[in-house]
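Student: Structure in structure tokens, see below.
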Amino acid sequence: MNKKTLKNGLRVITVPRKGTRAAAVLVLVKTGSKNEEKKVSGISHFLEHMLFKGTEKLSTPIKVAEELDKAGGIYNAFTSEDYTGYYAKVNSEKLELAVDWVSDIYQNSLLPQQEVEKEKGVIKEEINMYFDNPMAHCANVFQELLYGDQPAGWDVAGTKDSVSKITRDDLASYMNSQYTSSNTVIVVAGNIEPGVEQIIEDKFSNIRKGIAKSCIPVTENQSSPAVSIFEKDTDQTHLCLGVRCHNIFSEKKYAQEIIATVLGGMMSSRLFGKVREEMGAAYYVSTILDDNPHTGVLATRAGIDNSKVEDVVTAIVGEYKKMKEVLVNDEELKKAKDYLKGKTALMLEPSDSIAQFYGMQELLEEKSLSPEQMFDLFDKVTAEDILQVSKEIFTSDRINLALVGPSPNINLEKLLLL
């Protein structure tokens, strides 16, 4: 991995890889829904959509798409609470075309007024789609439960009302403020030749300069178990049950990742074995760590039989308690570490995944560890570290439960005491 900071402040990372015909270019900008004001909630996501609607060179949405379709390219974009990304993956012979395409939409999008109005309908249907999906909606209910009425607790897509009120001027102002050289990281990975940095420098010579608006600080207040139920007539209940934990800058994040893996990261994990194999109560059950620069959450998600909510919540809380009461044995600890290292190695086969691996670290942490450096940090985590971190995070004043489904007639707060 090679990193270069251009004179205009743009950070460029190149990751050459042999044995592949593919190359990917990823542009990341450090802005997302946490940077938004309530009246324009969803504007980061809206702008992401609008960058595919036309430039001076590619004047219509179809022309934007055709440019890479004709080359057999794969391209897309994404928005989160903390960042927005645009990528193109092509046969390496077409890499300069991909860089030209991404640089064009990133710097020169026209944000046509007629497309702004049409895209409002598209985004409203996207909001409807996730709302109608109980599994996806449960994640939003959980996010709102954790952070309430502040940017961290709002849906990344905004609301149908806020999206309706966003104007072209709002989008242009936000783009000019946030899409700046110092707020942007570009990664090129795969079968790339020397000199690609010069191509990036040339293609992004018109990028805006300036200091982007920082995100709004996240406030966390909790003193006891919290529950949020979204009542819906469904055949199964979807739940998110998790605890607040350390953020991405904490050295304890590696222990947290192992804890999540032991609990529900593998098909041989504790909760998969308990909830699915032993109880037969769920088709999907998993535990994930979601850490970012401001907050961290370790949560178990599952879709369960409506009649087994009490049993499954009790089982999950029981496994959380065990994590802070009993040392993980050497065999289970080694299995979790080997799983994480193996999964990371497999994930880093595609060039776009390599780009995201290094780009996200640089964007959010302003450093980029190699996989080997990361593996060393996992290897240094001891069973005692796991126990200590578990004692810190699995407490009654950190635990939260979100449900989507029929309302269970039980006292859920009592089940969450840790």
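Ordering of the structure tokens sets the chain letters (A, B, ...), residue numbers begin anew at 1 in every chain, and ligands are numbered from 1 in the order given.
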When you look at Met266 in chain A with a cut-off of 10 Å (counting only C-alpha atoms), what residues show up, excluding the ones that are within fewer than 4 positions of it in the same chain? I need them as a CSV table (one decimal) with all heavy atoms, in the first residue's frame.
Tutor:
chain,number,residue,atom,x,y,z
A,260,ALA,N,-17.7,-10.5,19.7
A,260,ALA,CA,-18.9,-10.6,18.8
A,260,ALA,C,-18.8,-11.9,18.0
A,260,ALA,O,-19.8,-12.6,17.7
A,260,ALA,CB,-18.9,-9.4,17.8
A,261,THR,N,-17.6,-12.3,17.6
A,261,THR,CA,-17.4,-13.5,16.8
A,261,THR,C,-17.7,-14.8,17.7
A,261,THR,O,-18.4,-15.7,17.2
A,261,THR,CB,-15.9,-13.6,16.3
A,261,THR,OG1,-15.6,-12.4,15.5
A,261,THR,CG2,-15.7,-14.9,15.5
A,262,VAL,N,-17.2,-14.8,18.9
A,262,VAL,CA,-17.5,-15.9,19.8
A,262,VAL,C,-19.0,-16.0,20.0
A,262,VAL,O,-19.6,-17.1,20.0
A,262,VAL,CB,-16.8,-15.7,21.2
A,262,VAL,CG1,-17.3,-16.7,22.2
A,262,VAL,CG2,-15.3,-15.9,21.0
A,270,ARG,N,-21.6,-19.4,19.8
A,270,ARG,CA,-22.5,-19.7,20.9
A,270,ARG,C,-24.0,-19.5,20.7
A,270,ARG,O,-24.8,-20.4,20.9
A,270,ARG,CB,-22.0,-18.9,22.2
A,270,ARG,CG,-20.7,-19.3,22.7
A,270,ARG,CD,-20.3,-18.5,23.9
A,270,ARG,NE,-19.0,-18.8,24.4
A,270,ARG,CZ,-18.4,-18.3,25.5
A,270,ARG,NH1,-19.2,-17.5,26.3
A,270,ARG,NH2,-17.2,-18.7,25.9
A,271,LEU,N,-24.3,-18.3,20.1
A,271,LEU,CA,-25.7,-18.0,20.0
A,271,LEU,C,-26.3,-18.7,18.8
A,271,LEU,O,-27.5,-19.0,18.8
A,271,LEU,CB,-25.9,-16.5,19.9
A,271,LEU,CG,-25.8,-15.8,21.2
A,271,LEU,CD1,-25.7,-14.3,21.0
A,271,LEU,CD2,-27.0,-16.1,22.1
A,272,PHE,N,-25.6,-18.9,17.7
A,272,PHE,CA,-26.1,-19.7,16.6
A,272,PHE,C,-26.4,-21.1,17.1
A,272,PHE,O,-27.5,-21.7,16.8
A,272,PHE,CB,-25.1,-19.8,15.5
A,272,PHE,CG,-25.6,-20.3,14.2
A,272,PHE,CD1,-26.1,-19.5,13.2
A,272,PHE,CD2,-25.7,-21.7,13.9
A,272,PHE,CE1,-26.6,-19.9,12.0
A,272,PHE,CE2,-26.3,-22.2,12.8
A,272,PHE,CZ,-26.7,-21.3,11.8
A,273,GLY,N,-25.5,-21.7,17.9
A,273,GLY,CA,-25.7,-23.0,18.5
A,273,GLY,C,-26.9,-23.1,19.4
A,273,GLY,O,-27.7,-24.0,19.4
A,285,VAL,N,-29.5,-15.7,13.0
A,285,VAL,CA,-29.1,-15.1,14.3
A,285,VAL,C,-27.6,-14.8,14.2
A,285,VAL,O,-26.8,-15.7,13.7
A,285,VAL,CB,-29.4,-16.1,15.5
A,285,VAL,CG1,-28.8,-17.4,15.3
A,285,VAL,CG2,-28.9,-15.4,16.8
A,286,SER,N,-27.2,-13.6,14.5
A,286,SER,CA,-25.8,-13.2,14.3
A,286,SER,C,-25.5,-12.1,15.3
A,286,SER,O,-26.4,-11.3,15.7
A,286,SER,CB,-25.5,-12.8,12.9
A,286,SER,OG,-26.2,-11.6,12.6
A,287,THR,N,-24.3,-12.0,15.6
A,287,THR,CA,-23.8,-10.8,16.5
A,287,THR,C,-22.7,-10.1,15.7
A,287,THR,O,-21.8,-10.7,15.1
A,287,THR,CB,-23.2,-11.4,17.8
A,287,THR,OG1,-24.2,-12.2,18.5
A,287,THR,CG2,-22.8,-10.2,18.7
A,335,LYS,N,-10.1,-20.3,17.8
A,335,LYS,CA,-11.0,-20.4,16.7
A,335,LYS,C,-11.6,-19.1,16.2
A,335,LYS,O,-11.6,-18.8,15.0
A,335,LYS,CB,-12.2,-21.3,17.1
A,335,LYS,CG,-13.3,-21.5,16.0
A,335,LYS,CD,-14.4,-22.4,16.4
A,335,LYS,CE,-15.3,-21.8,17.5
A,335,LYS,NZ,-16.5,-22.6,17.7
A,336,ALA,N,-11.9,-18.2,17.1
A,336,ALA,CA,-12.4,-16.9,16.8
A,336,ALA,C,-11.4,-16.1,16.1
A,336,ALA,O,-11.7,-15.4,15.1
A,336,ALA,CB,-12.9,-16.2,18.0
A,339,TYR,N,-10.8,-17.5,12.6
A,339,TYR,CA,-12.0,-17.1,11.7
A,339,TYR,C,-11.9,-15.7,11.2
A,339,TYR,O,-12.1,-15.4,10.0
A,339,TYR,CB,-13.3,-17.3,12.5
A,339,TYR,CG,-14.5,-16.9,11.8
A,339,TYR,CD1,-15.1,-17.7,10.9
A,339,TYR,CD2,-15.0,-15.6,11.9
A,339,TYR,CE1,-16.3,-17.3,10.2
A,339,TYR,CE2,-16.2,-15.2,11.2
A,339,TYR,CZ,-16.8,-16.0,10.3
A,339,TYR,OH,-17.9,-15.6,9.6
A,340,LEU,N,-11.6,-14.8,12.1
A,340,LEU,CA,-11.5,-13.4,11.7
A,340,LEU,C,-10.4,-13.2,10.7
A,340,LEU,O,-10.5,-12.4,9.7
A,340,LEU,CB,-11.2,-12.5,12.9
A,340,LEU,CG,-12.5,-12.3,13.8
A,340,LEU,CD1,-12.0,-11.6,15.2
A,340,LEU,CD2,-13.5,-11.4,13.1
Student: Write out as JSON lines the residues of range 20-99 of chain A that have any atom within 9 Å of an atom of range 109-123 of chain A, one row each with the nearest atom pair and its distance in Å to one decimal, counting only C-alpha atoms, sorted by chain and then rising number.
Tutor:
{"residue": "A:His45", "atom": "CA", "partner": "A:Ile123", "partner_atom": "CA", "distance": 8.9}
{"residue": "A:Phe46", "atom": "CA", "partner": "A:Ile123", "partner_atom": "CA", "distance": 7.5}
{"residue": "A:Leu47", "atom": "CA", "partner": "A:Leu111", "partner_atom": "CA", "distance": 8.5}
{"residue": "A:His49", "atom": "CA", "partner": "A:Glu119", "partner_atom": "CA", "distance": 7.6}
{"residue": "A:Met50", "atom": "CA", "partner": "A:Leu111", "partner_atom": "CA", "distance": 6.0}
{"residue": "A:Leu51", "atom": "CA", "partner": "A:Ser109", "partner_atom": "CA", "distance": 5.6}
{"residue": "A:Phe52", "atom": "CA", "partner": "A:Ser109", "partner_atom": "CA", "distance": 7.7}
{"residue": "A:Lys53", "atom": "CA", "partner": "A:Leu111", "partner_atom": "CA", "distance": 6.7}
{"residue": "A:Gly54", "atom": "CA", "partner": "A:Ser109", "partner_atom": "CA", "distance": 5.8}
{"residue": "A:Thr55", "atom": "CA", "partner": "A:Ser109", "partner_atom": "CA", "distance": 4.6}
{"residue": "A:Glu56", "atom": "CA", "partner": "A:Leu110", "partner_atom": "CA", "distance": 7.1}
{"residue": "A:Ser59", "atom": "CA", "partner": "A:Leu110", "partner_atom": "CA", "distance": 8.6}
{"residue": "A:Pro61", "atom": "CA", "partner": "A:Glu115", "partner_atom": "CA", "distance": 9.0}
Student: Calculated over only C-alpha atoms, which of the candidates A:Asp338, A:Glu93, A:Glu366, A:Asp149 has the smallest distance to Ser182 in chain A?
Tutor: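 With only C-alpha atoms as the atom set, the closest residue is A:Glu366.
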Student: Just how far from CA of Val227 in chain A is CA of Lys324 in chain A, in Å to one decimal?
Tutor: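 Taking CA of Lys324 in chain A and CA of Val227 in chain A, their separation equals 22.2 Å.
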Student: Record the distance separating CA of Val27 in chain A and CA of Gly85 in chain A, expressed in Å with one decimal.
Tutor: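 Distance between the two atoms: 5.6 Å.
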Student: List as number ranges by chain the protein and nucleic acid residues near Leu417 in chain A, meaning an atom at most 12 Å away when only C-alpha atoms are counted, but skip any in the same chain fewer than 6 places from it.
Tutor: A: 223-226, 243, 313-314, 316-318, 320-321, 394-401, 411
Student: Excluding range 136-142 of chain A and any residue of its chain fewer than 2 positions from it, enumerate the residues within 12 Å of it, using only C-alpha atoms, and give them as an NGL selection string.
Tutor: :A and (126-134 or 144-148 or 152-159 or 226-232 or 237-244 or 290 or 297-303 or 399-405)
Student: So that I can check the secondary structure, give me every residue of range 66-176 of chain A assigned strand (DSSP E or B) by backbone DSSP, as a list of chain:residue names.
Tutor: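 Going through range 66-176 of chain A, the strand (DSSP E or B) residues come out as A:Ile74, A:Tyr75, A:Asn76, A:Ala77, A:Phe78, A:Thr79, A:Thr84, A:Gly85, A:Tyr86, A:Tyr87, A:Ala88, A:Lys89, A:Val90, A:Asn91, A:Ser109.
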Student: Got time to write the residues from that selection, C-alpha atoms, as a short mmCIF file (atom, residue, chain, number, x, y, z; two decimals), in the first residue's frame?
Tutor:
data_model
loop_
_atom_site.label_atom_id
_atom_site.label_comp_id
_atom_site.auth_asym_id
_atom_site.auth_seq_id
_atom_site.Cartn_x
_atom_site.Cartn_y
_atom_site.Cartn_z
CA ILE A 74 -19.32 -2.59 -12.07
CA TYR A 75 -20.15 0.67 -10.31
CA ASN A 76 -22.25 1.97 -7.46
CA ALA A 77 -22.32 4.26 -4.45
CA PHE A 78 -23.27 4.11 -0.77
CA THR A 79 -24.00 6.42 2.14
CA THR A 84 -20.26 8.48 1.32
CA GLY A 85 -18.50 6.44 -1.35
CA TYR A 86 -18.43 6.06 -5.14
CA TYR A 87 -16.64 3.24 -6.92
CA ALA A 88 -16.01 1.70 -10.31
CA LYS A 89 -14.45 -1.71 -10.99
CA VAL A 90 -13.26 -2.57 -14.49
CA ASN A 91 -10.90 -4.67 -16.55
CA SER A 109 -22.37 16.82 -11.48
#
Student: Listing only residues of range 81-174 of chain A within 12 Å of range 198-203 of chain A, what is the closest atom pair and its distance in Å (to one decimal) for each, using only C-alpha atoms, sorted by chain and residue number ascending, as CSV?
Tutor:
residue,atom,partner,partner_atom,distance
A:Leu95,CA,A:Ile199,CA,9.9
A:Glu96,CA,A:Ile199,CA,7.3
A:Leu97,CA,A:Ile199,CA,10.5
A:Ala98,CA,A:Ile200,CA,10.7
A:Val99,CA,A:Ile200,CA,7.0
A:Asp100,CA,A:Lys203,CA,6.2
A:Trp101,CA,A:Lys203,CA,9.4
A:Val102,CA,A:Lys203,CA,9.2
A:Ser103,CA,A:Lys203,CA,6.1
A:Asp104,CA,A:Lys203,CA,8.1
A:Ile105,CA,A:Lys203,CA,11.3
A:Tyr106,CA,A:Lys203,CA,10.6
A:Gln107,CA,A:Lys203,CA,9.6
A:Asn108,CA,A:Lys203,CA,11.4
Student: Using only C-alpha atoms for the distances, tell me which of A:Ile288, A:Ile386, A:Val187, A:Glu193 is nearest to Thr14 in chain A.
Tutor: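 Using only C-alpha atoms, Thr14 in chain A sits closest to A:Val187.
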